[in-house]
>>> print(open('my_file17.txt').read())   # compact mmCIF, C-alpha atoms
# COMPACT_ATOMS: atom_id res chain seq x y z
CA MET A 1 0.00 0.00 0.00
CA THR A 2 1.37 3.37 -0.92
CA GLU A 3 -1.48 5.88 -0.57
CA ALA A 4 -4.22 6.64 1.95
CA ARG A 5 -6.53 6.19 -1.04
CA ASP A 6 -5.53 2.50 -1.12
CA VAL A 7 -6.91 2.06 2.37
CA GLN A 8 -10.13 3.76 1.22
CA THR A 9 -10.35 1.34 -1.71
CA LEU A 10 -9.62 -1.60 0.58
CA TRP A 11 -12.44 -0.46 2.88
CA GLN A 12 -14.96 0.14 0.12
CA THR A 13 -14.30 -3.13 -1.69
CA GLN A 14 -14.39 -5.49 1.29
CA PRO A 15 -16.59 -8.56 0.71
CA LEU A 16 -20.05 -8.24 2.26
CA GLU A 17 -22.40 -10.89 3.55
CA ALA A 18 -25.62 -9.47 5.02
CA ARG A 19 -28.97 -9.42 3.24
CA PRO A 20 -30.78 -6.08 3.67
CA LEU A 21 -34.12 -6.19 5.48
CA SER A 22 -37.17 -6.15 3.24
CA ILE A 23 -40.03 -3.80 4.13
CA ASP A 24 -42.04 -6.76 5.44
CA ASP A 25 -39.13 -7.82 7.66
CA VAL A 26 -38.80 -4.27 8.99
CA ARG A 27 -42.52 -4.08 9.82
CA ARG A 28 -42.33 -7.48 11.53
CA ARG A 29 -39.34 -6.35 13.56
CA ALA A 30 -41.03 -3.09 14.53
CA ARG A 31 -44.03 -5.02 15.84
CA ALA A 32 -41.73 -7.41 17.76
CA LEU A 33 -39.87 -4.46 19.31
CA ASP A 34 -43.11 -2.80 20.43
CA ALA A 35 -44.25 -6.11 21.93
CA LYS A 36 -40.93 -6.40 23.79
CA VAL A 37 -41.36 -2.92 25.32
CA ARG A 38 -44.93 -3.81 26.36
CA ARG A 39 -43.66 -7.08 27.89
CA GLN A 40 -40.97 -5.22 29.89
CA ASP A 41 -43.62 -2.82 31.16
CA ALA A 42 -45.84 -5.73 32.19
CA ILE A 43 -42.95 -7.41 34.08
CA MET A 44 -42.19 -4.15 35.88
CA ILE A 45 -45.82 -3.66 36.91
CA LEU A 46 -46.16 -7.31 37.94
CA SER A 47 -43.07 -7.17 40.14
CA ALA A 48 -44.39 -3.98 41.77
CA ILE A 49 -47.72 -5.69 42.45
CA VAL A 50 -45.97 -8.79 43.93
CA ASN A 51 -43.76 -6.60 46.15
CA THR A 52 -46.68 -4.47 47.27
CA GLY A 53 -48.77 -7.60 47.93
CA ALA A 54 -45.98 -9.11 50.05
CA PHE A 55 -45.77 -6.02 52.25
CA VAL A 56 -49.56 -5.77 52.49
CA ALA A 57 -49.37 -9.33 53.88
CA VAL A 58 -46.70 -8.13 56.33
CA MET A 59 -49.06 -5.32 57.42
CA TRP A 60 -51.82 -7.87 57.93
CA TYR A 61 -49.89 -10.56 59.83
CA LEU A 62 -47.38 -8.34 61.68
CA PRO A 63 -49.38 -5.31 62.84
CA GLN A 64 -46.35 -4.01 64.75
CA LEU A 65 -44.62 -3.48 61.37
CA ARG A 66 -47.61 -1.79 59.74
CA ILE A 67 -46.02 1.67 59.44
CA VAL A 68 -42.72 0.26 58.22
CA ALA A 69 -44.45 -1.86 55.56
CA ALA A 70 -46.48 1.16 54.44
CA ILE A 71 -43.28 3.20 53.99
CA ILE A 72 -41.71 0.35 52.00
CA ILE A 73 -44.78 0.08 49.74
CA ALA A 74 -44.62 3.83 49.10
CA THR A 75 -40.90 3.48 48.34
CA VAL A 76 -41.52 0.65 45.82
CA ILE A 77 -44.16 2.77 44.07
CA VAL A 78 -41.82 5.80 43.88
CA ILE A 79 -38.91 3.74 42.52
CA VAL A 80 -41.05 1.92 39.94
CA SER A 81 -42.67 5.14 38.70
CA GLN A 82 -39.24 6.88 38.50
CA TYR A 83 -37.76 3.92 36.64
CA ARG A 84 -40.64 3.85 34.19
CA ARG A 85 -40.05 7.50 33.41
CA ARG A 86 -36.32 7.00 32.83
CA ARG A 87 -36.10 3.44 31.57
CA PRO A 88 -33.65 2.67 28.71
CA SER A 89 -36.29 1.30 26.32
CA ARG A 90 -38.16 4.61 26.40
CA GLN A 91 -34.89 6.47 25.84
CA ALA A 92 -34.06 4.20 22.91
CA ALA A 93 -37.49 4.93 21.42
CA ASP A 94 -36.88 8.66 21.89
CA TYR A 95 -33.57 8.37 20.04
CA LEU A 96 -35.36 6.80 17.09
CA THR A 97 -38.09 9.41 16.88
CA SER A 98 -36.66 12.77 17.86
CA ASP A 99 -32.86 13.06 17.94
CA SER A 100 -31.73 10.47 15.46
CA SER A 101 -31.68 12.72 12.39
CA ASN A 102 -29.62 15.40 14.18
CA PRO A 103 -25.96 15.84 13.26
CA CYS A 104 -24.00 13.08 15.01
CA ALA A 105 -22.21 15.43 17.43
CA ASP A 106 -25.57 16.91 18.59
CA PHE A 107 -27.01 13.44 19.01
CA TYR A 108 -23.96 12.27 20.94
CA ARG A 109 -24.11 15.41 23.08
CA THR A 110 -27.78 14.81 23.94
CA ALA A 111 -27.02 11.20 24.89
CA LEU A 112 -24.04 12.24 27.05
CA VAL A 113 -26.07 14.99 28.78
CA ARG A 114 -28.85 12.48 29.48
CA LYS A 115 -26.38 9.98 30.95
CA ARG A 116 -24.61 12.68 32.98
CA ASP A 117 -27.88 14.03 34.39
CA MET A 118 -29.11 10.56 35.24
CA ALA A 119 -25.86 9.88 37.14
CA ARG A 120 -25.97 13.30 38.83
CA GLN A 121 -29.61 12.92 39.82
CA LEU A 122 -29.17 9.41 41.22
CA TRP A 123 -29.18 11.10 44.62
CA THR A 124 -32.61 12.62 44.05
CA TRP A 125 -34.43 9.85 42.17
CA PHE A 126 -33.11 6.62 43.62
CA MET A 127 -31.19 7.14 46.84
CA PRO A 128 -33.80 8.89 49.06
CA PRO A 129 -36.55 6.29 48.60
CA ALA A 130 -34.03 3.45 48.95
CA ILE A 131 -32.50 4.96 52.11
CA LEU A 132 -35.96 5.70 53.50
CA GLY A 133 -37.01 2.10 52.90
CA GLN A 134 -33.91 0.73 54.63
CA ALA A 135 -34.32 3.16 57.55
CA ALA A 136 -37.96 2.12 57.93
CA LEU A 137 -36.93 -1.54 57.97
CA ILE A 138 -34.19 -0.97 60.58
CA ILE A 139 -36.46 1.15 62.83
CA GLY A 140 -39.20 -1.46 62.53
CA PHE A 141 -36.89 -4.27 63.58
CA VAL A 142 -35.57 -2.24 66.54
CA ILE A 143 -39.04 -1.21 67.74
CA ALA A 144 -40.73 -4.57 67.23
CA PRO A 145 -38.37 -7.41 66.29
CA PRO A 146 -40.43 -10.33 64.90
CA ASN A 147 -39.58 -13.49 66.90
CA VAL A 148 -35.96 -12.38 67.39
CA PRO A 149 -34.53 -11.16 70.72
CA ARG A 150 -34.15 -7.36 70.58
CA ARG A 151 -30.61 -7.75 71.97
CA LEU A 152 -29.66 -9.72 68.82
CA VAL A 153 -31.17 -7.03 66.57
CA LEU A 154 -29.25 -4.31 68.43
CA MET A 155 -26.02 -6.30 68.10
CA ALA A 156 -26.53 -6.75 64.36
CA LEU A 157 -27.60 -3.14 63.85
CA PRO A 158 -24.12 -1.55 63.41
CA PHE A 159 -23.19 -4.14 60.77
CA TRP A 160 -26.51 -3.66 59.00
CA ILE A 161 -26.04 0.12 58.92
CA LEU A 162 -22.40 -0.26 57.87
CA ILE A 163 -23.37 -2.50 54.95
CA ASP A 164 -26.03 0.02 53.87
CA VAL A 165 -23.57 2.91 54.13
CA VAL A 166 -20.98 1.00 52.07
CA ILE A 167 -23.54 0.04 49.37
CA PHE A 168 -25.05 3.53 49.09
CA GLY A 169 -21.63 5.18 49.30
CA PHE A 170 -20.29 2.94 46.56
CA GLY A 171 -23.29 3.68 44.33
CA TRP A 172 -23.02 7.41 44.97
CA ARG A 173 -19.26 7.47 44.27
CA ASN A 174 -19.68 5.51 41.02
CA ALA A 175 -22.47 7.84 39.89
CA ARG A 176 -20.32 10.91 40.60
CA ARG A 177 -17.39 9.38 38.75
CA GLU A 178 -19.61 8.57 35.76
CA ALA A 179 -21.03 12.13 35.75
CA LYS A 180 -17.53 13.63 35.78
CA LYS A 181 -16.44 11.36 32.93
CA MET A 182 -19.46 12.44 30.87
CA GLU A 183 -18.63 16.07 31.68
CA ARG A 184 -15.09 15.63 30.32
CA GLU A 185 -16.42 14.02 27.13
CA LEU A 186 -18.91 16.88 26.73
CA ASP A 187 -16.13 19.48 27.07
CA ALA A 188 -14.07 17.65 24.43
CA LEU A 189 -17.10 17.48 22.13
CA ASP A 190 -17.90 21.18 22.57
CA SER A 191 -14.34 22.12 21.67
CA MET A 192 -14.78 20.20 18.39
CA THR A 193 -18.11 21.75 17.43
CA HIS A 194 -17.53 25.37 18.48
CA SER A 195 -14.09 26.16 17.12
CA MET B 1 -37.75 5.75 0.03
CA TYR B 2 -36.78 2.71 2.10
CA GLU B 3 -36.09 0.60 -0.99
CA GLU B 4 -34.08 3.43 -2.55
CA THR B 5 -31.98 3.63 0.61
CA VAL B 6 -31.38 -0.12 0.69
CA ALA B 7 -30.38 -0.13 -2.97
CA ASN B 8 -28.06 2.89 -2.77
CA TYR B 9 -26.62 2.60 0.74
CA GLY B 10 -27.06 -1.07 1.73
CA ALA B 11 -23.38 -1.93 1.22
CA ALA B 12 -22.16 1.20 3.03
CA LEU B 13 -24.50 0.46 5.93
CA GLU B 14 -23.10 -3.04 6.26
CA ARG B 15 -19.56 -1.66 6.30
CA LEU B 16 -20.69 0.84 8.95
CA ALA B 17 -22.14 -1.96 11.09
CA ARG B 18 -18.82 -3.83 10.81
CA ALA B 19 -17.01 -0.78 12.10
CA TYR B 20 -19.17 -0.70 15.21
CA GLU B 21 -19.65 -4.36 16.01
CA PRO B 22 -16.98 -7.06 15.57
CA ASP B 23 -19.26 -9.97 16.57
CA ALA B 24 -21.16 -11.35 13.55
CA ASP B 25 -24.48 -12.06 15.31
CA ARG B 26 -24.56 -8.73 17.12
CA ARG B 27 -23.57 -7.03 13.89
CA ARG B 28 -26.62 -8.51 12.16
CA ASP B 29 -28.78 -7.20 15.02
CA LEU B 30 -27.21 -3.75 14.74
CA LEU B 31 -27.76 -3.66 10.99
CA GLN B 32 -31.40 -4.61 11.47
CA GLU B 33 -31.73 -1.92 14.14
CA ILE B 34 -30.30 0.62 11.68
CA TYR B 35 -32.77 -0.43 8.97
CA LEU B 36 -35.60 -0.22 11.48
CA ALA B 37 -34.49 3.25 12.63
CA LEU B 38 -34.28 4.41 9.00
CA TRP B 39 -37.72 3.04 8.16
CA ARG B 40 -39.23 4.78 11.17
CA SER B 41 -37.37 8.01 10.50
CA PHE B 42 -38.57 8.49 6.93
CA ALA B 43 -41.96 9.68 8.17
CA GLY B 44 -40.11 12.75 9.52
CA PHE B 45 -37.83 13.33 6.52
CA ASP B 46 -38.45 16.95 5.51
CA GLY B 47 -35.82 17.38 2.79
CA ARG B 48 -33.87 20.00 4.74
CA CYS B 49 -30.77 17.88 4.14
CA SER B 50 -30.01 15.37 1.41
CA LEU B 51 -31.22 11.78 1.74
CA ARG B 52 -27.58 10.68 1.92
CA THR B 53 -26.87 12.97 4.90
CA TRP B 54 -30.08 11.80 6.58
CA VAL B 55 -29.24 8.11 6.08
CA TYR B 56 -25.70 8.45 7.45
CA ARG B 57 -26.85 10.50 10.44
CA ILE B 58 -29.51 7.97 11.41
CA ALA B 59 -27.14 5.03 10.88
CA HIS B 60 -24.26 6.53 12.88
CA ASN B 61 -26.56 7.76 15.65
CA THR B 62 -28.22 4.35 15.99
CA ALA B 63 -24.82 2.64 16.12
CA THR B 64 -23.48 5.23 18.58
CA SER B 65 -26.38 4.62 20.95
CA LEU B 66 -25.32 0.96 20.88
CA VAL B 67 -21.74 1.95 21.75
CA LEU B 68 -23.07 4.05 24.65
CA ARG B 69 -25.25 1.19 25.90
CA ARG B 70 -22.26 -1.18 25.84
CA LYS B 71 -19.70 1.31 27.14
CA GLY B 72 -19.39 -0.32 30.54
CA ARG B 73 -18.49 -3.67 28.97
CA ALA B 74 -16.40 -2.41 26.07
CA PRO B 75 -12.64 -1.85 26.16
CA THR B 76 -11.59 1.76 26.77
CA LEU B 77 -12.06 3.82 23.64
CA VAL B 78 -9.41 6.31 22.58
CA GLY B 79 -9.30 9.45 20.47
CA LEU B 80 -7.41 9.88 17.19
CA ASP B 81 -4.87 12.14 18.90
CA GLU B 82 -4.02 9.34 21.36
CA LEU B 83 -3.87 6.80 18.57
CA GLU B 84 -1.50 9.05 16.66
CA VAL B 85 1.11 8.99 19.40
CA GLN B 86 0.59 5.39 20.54
CA ALA B 87 2.94 2.72 19.28
CA ASP B 88 1.31 0.14 17.05
CA ASP B 89 0.65 -2.99 19.12
CA ASP B 90 0.63 -5.13 15.98
CA THR B 91 4.15 -5.19 14.60
CA HIS B 92 3.63 -7.99 12.08
CA ALA B 93 3.92 -7.06 8.42
CA ILE B 94 0.65 -6.96 6.49
CA VAL B 95 0.75 -9.88 4.07
CA GLY B 96 -2.66 -9.64 2.42
CA GLU B 97 -5.86 -7.64 2.04
CA ARG B 98 -7.65 -9.76 4.61
CA GLN B 99 -5.04 -9.05 7.24
CA ALA B 100 -5.01 -5.36 6.33
CA MET B 101 -8.80 -5.24 6.69
CA HIS B 102 -8.61 -7.03 10.03
CA ARG B 103 -6.08 -4.48 11.28
CA LEU B 104 -8.13 -1.56 9.97
CA GLN B 105 -11.28 -2.84 11.70
CA ARG B 106 -9.41 -3.35 14.98
CA LEU B 107 -8.14 0.20 14.76
CA ILE B 108 -11.64 1.59 14.12
CA HIS B 109 -13.19 -0.44 16.95
CA ARG B 110 -10.86 1.28 19.42
CA LEU B 111 -11.98 4.80 18.53
CA GLN B 112 -14.38 7.04 20.43
CA PRO B 113 -17.73 7.65 18.66
CA ILE B 114 -17.04 10.99 16.94
CA ASP B 115 -13.56 9.98 15.76
CA ARG B 116 -15.00 6.67 14.56
CA GLN B 117 -17.67 8.48 12.58
CA ILE B 118 -15.12 10.78 10.95
CA ILE B 119 -12.73 7.99 9.97
CA LEU B 120 -15.61 5.91 8.55
CA LEU B 121 -16.92 8.80 6.47
CA TYR B 122 -13.38 9.47 5.29
CA LEU B 123 -12.97 5.81 4.30
CA GLU B 124 -16.29 5.98 2.43
CA GLY B 125 -14.76 8.79 0.37
CA PHE B 126 -16.66 11.79 1.78
CA ASP B 127 -15.05 15.22 1.58
CA ALA B 128 -14.54 17.42 4.65
CA ALA B 129 -17.67 19.53 3.98
CA SER B 130 -19.91 16.45 3.79
CA ILE B 131 -18.33 14.96 6.92
CA GLY B 132 -18.98 18.28 8.69
CA GLU B 133 -22.62 18.29 7.56
CA ILE B 134 -23.26 14.75 8.78
CA THR B 135 -21.39 15.02 12.07
CA GLY B 136 -21.93 18.68 12.97
CA ILE B 137 -18.19 19.09 13.58
CA SER B 138 -16.71 22.38 12.43
CA ALA B 139 -14.86 22.38 9.08
CA GLY B 140 -11.54 23.25 10.72
CA ASN B 141 -11.78 20.37 13.14
CA VAL B 142 -12.80 17.92 10.41
CA ALA B 143 -9.74 18.98 8.39
CA THR B 144 -7.50 18.44 11.43
CA LYS B 145 -9.05 15.04 12.11
CA VAL B 146 -8.71 13.93 8.48
CA HIS B 147 -5.06 14.99 8.57
CA ARG B 148 -4.57 12.85 11.68
CA ILE B 149 -6.43 9.94 10.11
CA LYS B 150 -4.11 10.03 7.10
CA ALA B 151 -1.06 10.13 9.39
CA VAL B 152 -2.30 7.17 11.45
CA LEU B 153 -3.19 5.14 8.34
CA LYS B 154 0.14 5.93 6.75
CA ARG B 155 2.08 4.88 9.81
CA ARG B 156 0.10 1.72 10.45
CA PHE B 157 -0.47 0.50 6.91
CA HIS B 158 2.04 1.94 4.50
CA GLU B 159 5.15 1.57 6.60
CA ALA B 160 4.18 -1.92 7.82
CA GLY B 161 2.49 -2.96 4.62
CA GLY B 162 5.45 -4.35 2.69
CA GLY B 163 3.73 -7.42 1.27
CA ASN B 164 0.70 -5.57 0.02
CA ASP B 165 2.36 -2.87 -2.04
>>> encode(input="my_file17.txt", output="structure tokens")
Amino acid sequence: MTEARDVQTLWQTQPLEARPLSIDDVRRRARALDAKVRRQDAIMILSAIVNTGAFVAVMWYLPQLRIVAAIIIATVIVIVSQYRRRRPSRQAADYLTSDSSNPCADFYRTALVRKRDMARQLWTWFMPPAILGQAALIIGFVIAPPNVPRRLVLMALPFWILIDVVIFGFGWRNARREAKKMERELDALDSMTHS
Amino acid sequence: MYEETVANYGAALERLARAYEPDADRRRDLLQEIYLALWRSFAGFDGRCSLRTWVYRIAHNTATSLVLRRKGRAPTLVGLDELEVQADDDTHAIVGERQAMHRLQRLIHRLQPIDRQIILLYLEGFDAASIGEITGISAGNVATKVHRIKAVLKRRFHEAGGGND
């Protein structure tokens, strides 16, 4: 090879294998994709119903944990509704309908901003309900431990809290790191489009 | 419009899918996703840009969203500027077109989305103005990137390419 043009020729003349999708195939695939999104929604709703039902049963059979179970049910509802609003399948559908014909840098920018904001807002959309749910569970066990000596619950409490702190701290740190990484990529992208 | 696109750009779209996805099965899925995105997008095609620009934007954006979805699992992607100063990890001489193509694809798979888009459009024979229109990158930056692409290709293919001259 002696010229960059040779590499272009090499690229353009590479042997190909795939058969393009016919219009019928595309329509079939579009229907299958829509069905998949509906199925994911159904699974999400079903799991929320099962979770809620389980804690309703807790409220019924363990009246001393009624308030705690109610808080957990509220937490499940908040998390599920937040997830439904931000779920990837909806974002993918948005890409296909609104942003996808934008210049590639604009599209990439929108996707990076969305990812950065999701990571930044983890604290507001996921952490509070999750922490609240855990706190409710811990308080419930301390106030009215079900068939377990309270002394045992109090002994386990520091470890329980420590594990929660480590898990939430880890999630928060990763989200911040991800947001910063997105921010750096956005700066690099802006320098390419604005100069 | 869909049939026209398949007839005129089908081969280029397959090459594009190869540049984003090395695995054959996943590549087929990506290509189908691109065709689906194009089919859905044509309802909104308003003629403000050429059909060619529209097709390439949709295809690259669909493939880029795949790269973003897989980013956690993918190897770290680098920019052209990094690639320019990095030593070539493949020191074997290129002895045939197949090996050259393999090396070219490996090089493209390592690139960050925007750099990947620019190198692909360059390889498809687009001029700087067309690349700028599709990507939204300023003309000056496209020219710089194309210059870097040529330097990288020269270093990695021409100097090592003894057997294929």
>>> interface_residues(input="my_file17.txt", of="chain B", to="chain A", cutoff="8 Å", atoms="only C-alpha atoms", output="number ranges by chain")
B: 2-3, 6, 10-12, 14-15, 28, 32, 35-37, 39-41, 54, 57-58, 60-62, 64-65, 97, 101, 114, 122-125, 133-138, 140-141, 150, 153-154, 157-158, 161-162, 164-165
>>> atom_distance(input="my_file17.txt", atom1="CA of Pro63 in chain A", atom2="CA of Asp164 in chain A")
25.6 Å
>>> closest_residue(input="my_file17.txt", among="B:Ala100, B:Val55, B:Val152, B:Leu30", to="Ala17 in chain B", atoms="all atoms listed in the file")
B:Leu30
>>> atom_distance(input="my_file17.txt", atom1="CA of Ile45 in chain A", atom2="CA of Arg31 in chain A")
21.2 Å
>>> closest_residue(input="my_file17.txt", among="A:Val113, A:Ala135, A:Met59, A:Ile167", to="Thr75 in chain A", atoms="all atoms listed in the file")
A:Ala135
>>> residues_around(input="my_file17.txt", residues="Ala69 in chain A", least_positions_apart="6", cutoff="10 Å", atoms="all atoms listed in the file", output="list in words")
Thr52, Ala54, Phe55, Val56, Ala57, Val58, Met59, Trp60, Leu62, Pro63, Thr75, Gly133, Ala136, Leu137 and Gly140 of chain A
>>> closest_residue(input="my_file17.txt", among="A:Pro158, A:Asp187, A:Gly171, A:Ile43", to="Arg120 in chain A", atoms="all atoms listed in the file")
A:Gly171
>>> atom_distance(input="my_file17.txt", atom1="CA of Asp115 in chain B", atom2="CA of Gly132 in chain B")
12.2 Å
>>> closest_residue(input="my_file17.txt", among="B:Gln117, B:Asn8, B:Ser130, B:Gln99", to="Cys49 in chain B", atoms="only C-alpha atoms")
B:Ser130
>>> closest_residue(input="my_file17.txt", among="A:Tyr61, A:Met155, A:Ile77, A:Glu183", to="Leu46 in chain A", atoms="all atoms listed in the file")
A:Ile77
>>> residues_around(input="my_file17.txt", residues="range 175-177 of chain A", least_positions_apart="4", cutoff="9 Å", atoms="all atoms listed in the file", output="list in words")
Arg116, Met118, Ala119, Arg120, Gln121, Leu122, Trp123, Phe170, Gly171, Lys181 and Met182 of chain A
